[in-house]
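Here the structure comes first, spelled out in structure tokens, and everything after it is commentary.
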Amino acid sequence: MTKDSSLTPHPIEEIRAQGDLYRPASSVLELRHVTCAYGTDRPAVHAVSFAAREGEILCLLGPSGCGKTTILRAIAGLEPVQSGQIFLSGELVSSSDMLVATEYRHVGMVFQEYALFPHLRVQDNIAFGLRKLPRRQRKARVQEMLQLVGLEGFDRRYPHELSGGQQQRVALARALVQHPVVLLLDEPFSNLDPDMASRMRQELHDLLRRTKTTTILVTHDHDEAFAMADRIAVLNQGTVEQFDTPEVIYHLPATPFVADFVGQADFIPGTVSNGMVHTELGEFSNTLECEDGTAVVVMIRPDDIHLVPTKDASSRVISRQFHGSENLYAVSLPSGQVVHSSQGSTSVYEEGTAVELRVLASHSVLFRQSNVPS
Amino acid sequence: MITIRQQLSSPLQLMALASAGLILLPLGYVTGLALSADPAVWSRLWATRIPELFFNTVTLAASVAVITLVLGVSTAWVVTRFEFPGRRFWEGSLVLPLAMPTYVLAYVYSYLLGFGGPIEHFWQFVAGPQARLFSPHGYLGATIVMALDTFPFVYLLTRSALLNLNVSFEEVSRASGVSRFWTLWRVTLPLMRPSIVAGLALVILYVVSDFGAVSLLRYQTLTYAVFQQMTGRSDNSAASILSLLLVGLALLFLVAERWFRHRSRFYQTTGRYRLPQRHQCGLMGTGFATGYLGLILGSAFVIPAYLLVNWSFSTEAQATLDSRFMGFVSNSALLAACAATGGVLIGLPLAYLASRRPTWLNLGCLQAAYAGYVLPGPAVALAVLVLSTKLMHVLYGSVLILIVAYVIHFLPAGLQSLEPALQQVTPNLEEVSRTLGLGVQETWRRVTLPLVRNGFIVAWVLMFLQTMKELPATLLLRPVGFDTLAIRVWLEASEEYYQLAAPPALLIVFLSLPALLLLVSKDWRAA
């Protein structure tokens, strides 16, 4: 029994008229200024807004405790909202004074640990929500789903007889068989080993594309988000820091937090004079258009710095990490500032090598000094 | 936000509150009775009975604790760290003594050690015809009987601690150059200490609240004195004072046990777990281990069971197996079935609310239900008795009052399997069912209930079998002439009609075996 059971469930039909009053732009799911703050055991969420288009894969990315799972549970109706509204297919389902019960929302959910019913076989798990269909149709749908997720012949197994990846596919099939309005995935790959996770990631991506399923995926892994998502909402301490495509998030992060969270980043201090930003690594264009004399920082990714060994250069390589496809170097500048550079797998420089840095700054990202995390 | 008002509105909540009230009311009433008793009664008891009773109870508990410590830890060590023919047999059968209610073992031993008994005959054969043994009636007899009956508690907990122990700790110790003996002393034993202490606390709680053995062996403890005050003197206020002291003593041990169990969580390590290396025994070692375990199991279970079977087939005993005997069986079964069903029905809302909505109110209700744990049988009987004579006179002397007492007494045993059963069902399973379009009630019917069903059955069986064995509350509260199997054993044994007491005793032992099986399998699941 969940918390919302104390509130009266509203079937979708009953609130259709009410929903018309606030009909949003045509999106499958929309959150407007949603705030949740219930209990001390769950992270709070403040004024979160975003919308998902039909068939889109949308990713909520953030560190643990940022409230991303709370948002997922609020969409499913497992968590009430304190203020703001949630719309599903254009109908209001959650607000401060009403809550459509989970079972009327037509959302599919895959929990982190899959939550397969341990007392039911694979086929009964998948058919769990199909009890209104006649027997034969139910069977056909189960077979169809098993084929879709590549588990033909597993229908009579019990969950404990399956591997982690297979369990996840069953959980996915169980959610998809309902033709959900939106599919909610809570850290779906965190219980799989890395090899399995990357294979499942690819499979899941293809599957969601094929079925044109609108999906909200929660993760703390930026690689996962980049690989899966059409758009990413980066969350920090219960608020959305940036909502954009993966490319924009990576190359043009809106805040230093986002810059730091989605990949390795160095922040080089500089000052503005004559419309340019002057730093130890050279000049950058003043995209912030701030006044002369303002203290700013330039964010640079390791792949934007190229190293050239030069005898009389003043920067030194201080460490190298071999990552297989690349070498990640830490380089100490004359001022003591350390920056990182990623070089090809075969470019091996000893520690202490004097190097010159070439910055390939087709786009530079500036932040005001005061915003930078220390 | 869920407010108190909303919580109260749910019928489940009302049931939980009512159940907690049902349990706390008699307890509170007895406490009130004791505290409001005439100071003269207090000072009379203080001057005459209390110091002696306290001394007797504590010395019995302490000496039983020491013996069970030695027996329990050594047997657990032998079956987990050595490999010899028959090891698995001993590993399983060492829990068998728990199937003997203390009054059964006590009566067998009052025959074995008694005047003119087989052991005295043997002793006179060795030491001459004038040699005398100590009498089983008193401190020594009670200690032996209670120790033999309760050492499996320590055995079970130590054994599972040894099996769960991360062997890496010992290997690290050996790798740092510490000898086998010092590794045992400095690494293994400290790691097992919480489990051993938890086992000892169970033993002590059991000894302190035992009535069967001490009454048959006529050893004056607090529990026995409560019973005597109620029957001999009909002095309920004196009985309530003694009960209060007894509950205080039991509570002390219970708190100690909880504390150690809580601490043991820090000791448990996660990570890879391997079976410990078992030391292969030679011929000598095998003989030694078999002899040692055989001696313990023989005196705690095999010999008593053999005597019971023998006596049951004597002509005197066969003559009692008539329709009257069947009446005792059906009385026992009826009471036990009612108590077990009542216990499950009352325990369910308590356990469910505490695991799904752990508010202070719900957790408090659950804790109240565990109060029966520290209430020895005579104290429960007293509590229910005084309350029914004051408030519900109709109940007095009926079977119903007996069932209420059983439910209060054995609800903790049932809750201990209801609670984990519910906790194993993660709320995620219920939530996923809601996302698949099922309502609250249907989710309960199709997900929660099938998953907790086994826990329910175990709880029911455990409460049923505990009630079958129960003695003091039944003695005090039964309607006139309403005898059960346990009552027959006690009555016949008190008169030293060993043969006549055997058939009902054997039946009780036999019926206790399934409960034991459940207990052990639960232990193995935890291991």
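Ordering of the structure tokens sets the chain letters (A, B, ...); residue numbers start at 1 within each chain; ligands are numbered from 1 in the order shown.
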Contact check, chain A to chain B, at most 6 Å, counting only C-alpha atoms, closest pairs as a Markdown table:
| residue | atom | partner | partner_atom | distance |
| --- | --- | --- | --- | --- |
| A:Thr102 | CA | B:Thr435 | CA | 5.5 |
| A:Glu103 | CA | B:Gly437 | CA | 3.8 |
| A:Val107 | CA | B:Thr435 | CA | 5.9 |
| A:Ala115 | CA | B:Leu429 | CA | 5.3 |
| A:Gly129 | CA | B:Leu436 | CA | 4.9 |
Check your understanding: What lies within 12 Å of A:Arg210 using only C-alpha atoms, ignoring chain neighbours under 5 positions off, as a PyMOL selection string?
Key -> chain A and resi 55-56+148-149+203-205
Prev. selection, N, CA and C atoms, output as a PDB file, in the first residue's frame:
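out_28.pdb, freshly written:
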ATOM      1  N   GLY A  55       7.864   9.870 -28.309  1.00  0.00           N
ATOM      2  CA  GLY A  55       8.938   9.025 -28.814  1.00  0.00           C
ATOM      3  C   GLY A  55      10.335   9.429 -28.383  1.00  0.00           C
ATOM      4  N   GLU A  56      10.427  10.433 -27.551  1.00  0.00           N
ATOM      5  CA  GLU A  56      11.732  10.948 -27.169  1.00  0.00           C
ATOM      6  C   GLU A  56      12.317  10.146 -26.001  1.00  0.00           C
ATOM      7  N   LEU A 148      10.479  -9.682 -28.733  1.00  0.00           N
ATOM      8  CA  LEU A 148      11.000  -8.324 -28.826  1.00  0.00           C
ATOM      9  C   LEU A 148      12.266  -8.151 -27.982  1.00  0.00           C
ATOM     10  N   VAL A 149      12.255  -8.733 -26.765  1.00  0.00           N
ATOM     11  CA  VAL A 149      13.417  -8.554 -25.890  1.00  0.00           C
ATOM     12  C   VAL A 149      14.406  -9.711 -26.003  1.00  0.00           C
ATOM     13  N   GLU A 203      21.093  -2.351 -26.971  1.00  0.00           N
ATOM     14  CA  GLU A 203      19.858  -3.081 -27.270  1.00  0.00           C
ATOM     15  C   GLU A 203      18.636  -2.269 -26.899  1.00  0.00           C
ATOM     16  N   LEU A 204      18.713  -1.670 -25.693  1.00  0.00           N
ATOM     17  CA  LEU A 204      17.563  -0.924 -25.197  1.00  0.00           C
ATOM     18  C   LEU A 204      17.294   0.281 -26.084  1.00  0.00           C
ATOM     19  N   HIS A 205      18.375   0.935 -26.505  1.00  0.00           N
ATOM     20  CA  HIS A 205      18.230   2.105 -27.363  1.00  0.00           C
ATOM     21  C   HIS A 205      17.517   1.729 -28.659  1.00  0.00           C
TER      22      HIS A 205
END
Worksheet item: If you measure from atom CA of A:Leu184 to atom CA of A:Met109, what distance in Å do you get, rounded to one decimal?
Response: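 That distance, rounded to one decimal, is 4.6 Å.
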Residues near B:Pro376, anyone? I mean within 9 Å using only C-alpha atoms, not counting same-chain ones fewer than 4 positions away, as JSON, numbers by chain.
{"B": [206, 208, 209, 210, 211, 223, 243, 246, 247, 250, 372, 380, 381, 409, 472, 473]}
Selected residues written out, N, CA and C atoms, as a compact mmCIF listing (two decimals), in the first residue's frame:
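New file out-v8.txt:
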# COMPACT_ATOMS: atom_id res chain seq x y z
N TYR B 206 14.81 -17.86 29.14
CA TYR B 206 14.08 -19.11 29.20
C TYR B 206 14.08 -19.67 30.62
N VAL B 208 14.69 -18.02 33.47
CA VAL B 208 14.01 -17.14 34.41
C VAL B 208 12.50 -17.32 34.34
N SER B 209 11.99 -17.55 33.12
CA SER B 209 10.53 -17.64 33.01
C SER B 209 10.04 -19.08 33.04
N ASP B 210 10.93 -20.04 33.26
CA ASP B 210 10.47 -21.42 33.25
C ASP B 210 9.68 -21.76 34.50
N PHE B 211 8.61 -22.53 34.27
CA PHE B 211 7.81 -22.97 35.40
C PHE B 211 7.86 -24.49 35.53
N THR B 223 9.35 -17.23 39.30
CA THR B 223 8.21 -17.69 38.50
C THR B 223 7.37 -18.69 39.28
N SER B 243 5.52 -10.71 40.21
CA SER B 243 5.50 -10.66 38.74
C SER B 243 6.27 -9.46 38.24
N LEU B 246 9.83 -9.99 38.46
CA LEU B 246 10.21 -10.98 37.46
C LEU B 246 10.31 -10.35 36.08
N VAL B 247 9.30 -9.52 35.76
CA VAL B 247 9.31 -8.85 34.45
C VAL B 247 10.52 -7.93 34.36
N ALA B 250 13.51 -10.12 33.64
CA ALA B 250 13.48 -10.63 32.27
C ALA B 250 13.80 -9.50 31.29
N GLY B 372 4.79 -9.49 25.44
CA GLY B 372 4.53 -10.84 25.93
C GLY B 372 5.81 -11.65 26.09
N VAL B 380 1.51 -13.77 32.86
CA VAL B 380 0.44 -13.54 31.87
C VAL B 380 -0.89 -13.98 32.46
N ALA B 381 -0.88 -15.16 33.05
CA ALA B 381 -2.12 -15.69 33.63
C ALA B 381 -2.66 -14.74 34.67
N HIS B 409 0.94 -14.28 25.18
CA HIS B 409 2.19 -14.95 25.51
C HIS B 409 2.99 -15.31 24.26
N PRO B 472 2.02 -23.35 32.71
CA PRO B 472 1.56 -22.60 33.87
C PRO B 472 0.27 -21.81 33.63
N ALA B 473 0.16 -21.09 32.52
CA ALA B 473 -1.05 -20.31 32.27
C ALA B 473 -2.25 -21.23 32.15
TODO: Find, counting only C-alpha atoms, the residue in B:Cys338, B:Ile144, B:Leu53, B:Leu321 that gets nearest to B:Thr221.
DONE: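 Closest candidate: B:Leu53.
Secondary structure by DSSP on the backbone puts the following residues of stretch 77-325 of chain B in strand (DSSP E or B): B:Phe82, B:Glu83, B:His279, B:Gln280.
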